Amino acid sequence: MKTFNIKLILITGAAATFLMACSVGKPYMKPDLEIPENYNQQVTVTGDNIILPWKTFFKDQKLVGLIEKALIKNNDILIALKNIEQLDLAYKQAKNTLMPTVDFSAGANRSWASKNSLNGSLNEQFTGNKYLDDFSANLRLSWEVDIWGKAKMQKESAAADYFAQKENFNAIKSRIIVQVAQAYYNLMSLDEQLKIAKENIELSEKTLQMMKLQYTAGQINSLAIQQSEAQKKTAELIVPLAKQNISVQENALSILCGEYPKSVERSEGLHTMISENPFTAEVPAQLLSRRPDLKAAEFNVISLNAKTGLAKAAMYPSISLSPQVGVNSFKVSTWFDLPGSITKTLAANLAMPLLQKRQLKTAYETEIIEQERQLLPLNKQ
């Protein structure tokens, strides 16, 4: 009997080793995007790989401070960081897919059988008790043989999701920088509008005074004075509207920086908006390959390629080994009496999905369609 068990274990191990070399998923290969030789508008591309930090593009230090604050406290930034942390945990879990699971259980129970039953009569005859105790403690190990390369595909998918989220995070940072700069420059533009409106009021007041002197001198009629007064009132109406627009823009910029609505400190004069252009008219070649949205899209395709393989692997059989060792006794005094109380179990399981209401095939075909759908935007970028 022992020889038969050893042969069964060896055969199972050999078959598992052979099947582990199989893989149902296809390795990811960059698709042929059929890029045209020339674009509609010719742009000179250089081999200059110098990538400057974002601070290089802004001369106003107060704007730089607002952007730094937004990159730390903005809600979208914080949510993206939490998403990266979650995907990092998922990747760490995927790396341990090949590891077995270990469970420990211990229990004690007492049962009273019927006196008219065979178990009840034998129990009272041999033990002298009307009840039967059972004390057990078991250590169970379960390990699924990675036949179809599931662990590798899960790790590849988790890694691709992680790096895709990092690229999305870079895209969010770029978007936040642009939004803060636009809001700041718009706020300075509104300041200039308010300044011009106040100057127009002063000019209208001077014009009205001059018109009144001319009217007193009999050079003009009252209609000219009424027109001048109307122009002054029109200029005065612009001031509260400009202040309201400034308040709205300040609130929006404060929220963008992750703070409650408040007044925003800014520089005076539009001269701070002008910065030296660090680039020539040519486009550095490395910039064309650093778009985070394209890199994130490619990582998504890699992840979906691995998930397609996992969906296909779910349609094939799986083999698992489940050894178990423990102690069992009907008396507490002999519960851990070794080796008499030791129990051992070795199980090999083969599971094969047969009729699943087409769920597995549908899941596999859905992953293929999703992968093809993710490839469509890459063909047009």
# chains A, B, ... in the order shown; residues from 1 in each chain; ligands from 1
>>> residues_around(residues="segment 256-269 of chain A", least_positions_apart="6", cutoff="9 Å", atoms="only C-alpha atoms", output="PyMOL selection string")
chain A and resi 60-63+66-75+176+179-180+184+187-188+191-192+247+250
>>> select_by_dssp(residues="segment 277-369 of chain A", states="alpha helix (DSSP H)", output="PyMOL selection string")
chain A and resi 292-313+359-369
>>> closest_residue(among="A:Leu194, A:Ile238, A:Leu294, A:Ile147", to="Leu350 of chain A", atoms="only C-alpha atoms")
A:Ile147
>>> closest_residue(among="A:Ser329, A:Gln182, A:Ser121, A:Gln86", to="Ala158 of chain A", atoms="only C-alpha atoms")
A:Gln86
>>> closest_residue(among="A:Met153, A:Tyr364, A:Lys173, A:Lys243", to="Leu78 of chain A", atoms="only C-alpha atoms")
A:Lys173
>>> residues_around(residues="Ser204 of chain A", least_positions_apart="6", cutoff="9 Å", atoms="only C-alpha atoms", output="ChimeraX atom specification")
/A:228-229,231-233,235
>>> write_last_selection(atoms="C-alpha atoms", output="PDB file, in the first residue's frame")
ATOM      1  CA  SER A 228     -20.874 111.627 -20.097  1.00  0.00           C
ATOM      2  CA  GLU A 229     -22.759 110.689 -16.924  1.00  0.00           C
ATOM      3  CA  GLN A 231     -20.471 106.550 -19.595  1.00  0.00           C
ATOM      4  CA  LYS A 232     -19.305 107.062 -16.019  1.00  0.00           C
ATOM      5  CA  LYS A 233     -22.097 104.874 -14.607  1.00  0.00           C
ATOM      6  CA  ALA A 235     -17.623 102.229 -15.992  1.00  0.00           C
TER       7      ALA A 235
END
>>> atom_distance(atom1="atom CA of Leu190 of chain A", atom2="atom CA of Phe57 of chain A")
22.0 Å
>>> closest_atom_pairs(of="segment 91-185 of chain A", to="segment 53-56 of chain A", cutoff="12 Å", atoms="only C-alpha atoms", output="CSV")
residue,atom,partner,partner_atom,distance
A:Lys173,CA,A:Trp54,CA,10.4
A:Ser174,CA,A:Trp54,CA,8.8
A:Arg175,CA,A:Trp54,CA,11.9
A:Ile176,CA,A:Trp54,CA,11.6
A:Ile177,CA,A:Trp54,CA,8.3
A:Val178,CA,A:Trp54,CA,10.1
A:Ala181,CA,A:Trp54,CA,11.2
>>> write_last_selection(atoms="N, CA and C atoms", output="PDB file, in the first residue's frame")
ATOM      1  N   LYS A 173      -0.454  65.268 -12.384  1.00  0.00           N
ATOM      2  CA  LYS A 173       0.446  66.342 -11.954  1.00  0.00           C
ATOM      3  C   LYS A 173       0.584  67.393 -13.046  1.00  0.00           C
ATOM      4  N   SER A 174       0.756  66.934 -14.294  1.00  0.00           N
ATOM      5  CA  SER A 174       0.873  67.886 -15.401  1.00  0.00           C
ATOM      6  C   SER A 174      -0.408  68.703 -15.546  1.00  0.00           C
ATOM      7  N   ARG A 175      -1.550  68.040 -15.406  1.00  0.00           N
ATOM      8  CA  ARG A 175      -2.825  68.751 -15.527  1.00  0.00           C
ATOM      9  C   ARG A 175      -2.997  69.763 -14.395  1.00  0.00           C
ATOM     10  N   ILE A 176      -2.605  69.393 -13.179  1.00  0.00           N
ATOM     11  CA  ILE A 176      -2.725  70.312 -12.042  1.00  0.00           C
ATOM     12  C   ILE A 176      -1.828  71.534 -12.244  1.00  0.00           C
ATOM     13  N   ILE A 177      -0.629  71.314 -12.740  1.00  0.00           N
ATOM     14  CA  ILE A 177       0.291  72.432 -12.985  1.00  0.00           C
ATOM     15  C   ILE A 177      -0.315  73.401 -13.995  1.00  0.00           C
ATOM     16  N   VAL A 178      -0.876  72.849 -15.071  1.00  0.00           N
ATOM     17  CA  VAL A 178      -1.477  73.693 -16.103  1.00  0.00           C
ATOM     18  C   VAL A 178      -2.686  74.442 -15.547  1.00  0.00           C
ATOM     19  N   ALA A 181      -1.590  77.269 -13.193  1.00  0.00           N
ATOM     20  CA  ALA A 181      -0.998  78.379 -13.950  1.00  0.00           C
ATOM     21  C   ALA A 181      -2.080  79.164 -14.690  1.00  0.00           C
TER      22      ALA A 181
END
>>> residues_around(residues="Ala311 of chain A", least_positions_apart="5", cutoff="8 Å", atoms="only C-alpha atoms", output="ChimeraX atom specification")
/A:360,363-364,367
>>> write_last_selection(atoms="N, CA, C and O atoms", output="PDB file, in the first residue's frame")
ATOM      1  N   LEU A 360     -17.158  31.124 -18.567  1.00  0.00           N
ATOM      2  CA  LEU A 360     -15.715  31.210 -18.754  1.00  0.00           C
ATOM      3  C   LEU A 360     -15.371  31.657 -20.170  1.00  0.00           C
ATOM      4  O   LEU A 360     -14.481  32.495 -20.368  1.00  0.00           O
ATOM      5  N   ALA A 363     -16.177  35.321 -20.511  1.00  0.00           N
ATOM      6  CA  ALA A 363     -15.171  36.148 -19.838  1.00  0.00           C
ATOM      7  C   ALA A 363     -13.905  36.258 -20.694  1.00  0.00           C
ATOM      8  O   ALA A 363     -13.304  37.336 -20.795  1.00  0.00           O
ATOM      9  N   TYR A 364     -13.505  35.151 -21.320  1.00  0.00           N
ATOM     10  CA  TYR A 364     -12.313  35.163 -22.168  1.00  0.00           C
ATOM     11  C   TYR A 364     -12.526  36.054 -23.389  1.00  0.00           C
ATOM     12  O   TYR A 364     -11.667  36.888 -23.727  1.00  0.00           O
ATOM     13  N   GLU A 367     -12.467  39.761 -22.450  1.00  0.00           N
ATOM     14  CA  GLU A 367     -11.112  40.288 -22.243  1.00  0.00           C
ATOM     15  C   GLU A 367     -10.429  40.574 -23.579  1.00  0.00           C
ATOM     16  O   GLU A 367      -9.692  41.558 -23.704  1.00  0.00           O
TER      17      GLU A 367
END
>>> atom_distance(atom1="atom CA of Gly120 of chain A", atom2="atom CA of Leu338 of chain A")
28.1 Å
>>> closest_residue(among="A:Thr216, A:Asn328, A:Thr127, A:Asn168", to="Phe299 of chain A", atoms="only C-alpha atoms")
A:Asn168
>>> closest_residue(among="A:Ser318, A:Asn170, A:Thr234, A:Asn129", to="Lys150 of chain A", atoms="only C-alpha atoms")
A:Ser318
>>> residues_around(residues="Met99 of chain A", least_positions_apart="4", cutoff="9 Å", atoms="only C-alpha atoms", output="PDB file with all heavy atoms, in the first residue's frame")
ATOM      1  N   LYS A  95       3.068  38.658  -6.310  1.00  0.00           N
ATOM      2  CA  LYS A  95       4.383  38.012  -6.280  1.00  0.00           C
ATOM      3  C   LYS A  95       4.386  36.763  -5.412  1.00  0.00           C
ATOM      4  O   LYS A  95       5.247  35.892  -5.565  1.00  0.00           O
ATOM      5  CB  LYS A  95       5.435  39.002  -5.761  1.00  0.00           C
ATOM      6  CG  LYS A  95       5.735  40.137  -6.712  1.00  0.00           C
ATOM      7  CD  LYS A  95       7.019  40.854  -6.361  1.00  0.00           C
ATOM      8  CE  LYS A  95       6.961  41.472  -4.986  1.00  0.00           C
ATOM      9  NZ  LYS A  95       8.196  42.237  -4.672  1.00  0.00           N
ATOM     10  N   TRP A 143      -1.613  23.825  -1.830  1.00  0.00           N
ATOM     11  CA  TRP A 143      -0.770  24.419  -2.869  1.00  0.00           C
ATOM     12  C   TRP A 143      -1.301  24.012  -4.235  1.00  0.00           C
ATOM     13  O   TRP A 143      -1.442  22.819  -4.539  1.00  0.00           O
ATOM     14  CB  TRP A 143       0.673  23.954  -2.704  1.00  0.00           C
ATOM     15  CG  TRP A 143       1.599  24.481  -3.775  1.00  0.00           C
ATOM     16  CD1 TRP A 143       1.926  25.771  -4.019  1.00  0.00           C
ATOM     17  CD2 TRP A 143       2.302  23.704  -4.760  1.00  0.00           C
ATOM     18  NE1 TRP A 143       2.788  25.877  -5.067  1.00  0.00           N
ATOM     19  CE2 TRP A 143       3.046  24.617  -5.547  1.00  0.00           C
ATOM     20  CE3 TRP A 143       2.380  22.344  -5.024  1.00  0.00           C
ATOM     21  CZ2 TRP A 143       3.855  24.194  -6.599  1.00  0.00           C
ATOM     22  CZ3 TRP A 143       3.192  21.919  -6.079  1.00  0.00           C
ATOM     23  CH2 TRP A 143       3.920  22.849  -6.849  1.00  0.00           C
ATOM     24  N   GLU A 144      -1.632  25.019  -5.046  1.00  0.00           N
ATOM     25  CA  GLU A 144      -2.101  24.751  -6.403  1.00  0.00           C
ATOM     26  C   GLU A 144      -0.918  24.766  -7.355  1.00  0.00           C
ATOM     27  O   GLU A 144      -0.122  25.719  -7.377  1.00  0.00           O
ATOM     28  CB  GLU A 144      -3.134  25.797  -6.841  1.00  0.00           C
ATOM     29  CG  GLU A 144      -3.664  25.566  -8.253  1.00  0.00           C
ATOM     30  CD  GLU A 144      -4.684  26.599  -8.685  1.00  0.00           C
ATOM     31  OE1 GLU A 144      -5.081  27.418  -7.833  1.00  0.00           O
ATOM     32  OE2 GLU A 144      -5.073  26.587  -9.869  1.00  0.00           O
TER      33      GLU A 144
END
>>> closest_residue(among="A:Glu156, A:Glu298, A:Asp103, A:Glu167", to="Ser142 of chain A", atoms="only C-alpha atoms")
A:Asp103
>>> atom_distance(atom1="atom CA of Lys344 of chain A", atom2="atom CA of Val325 of chain A")
4.6 Å
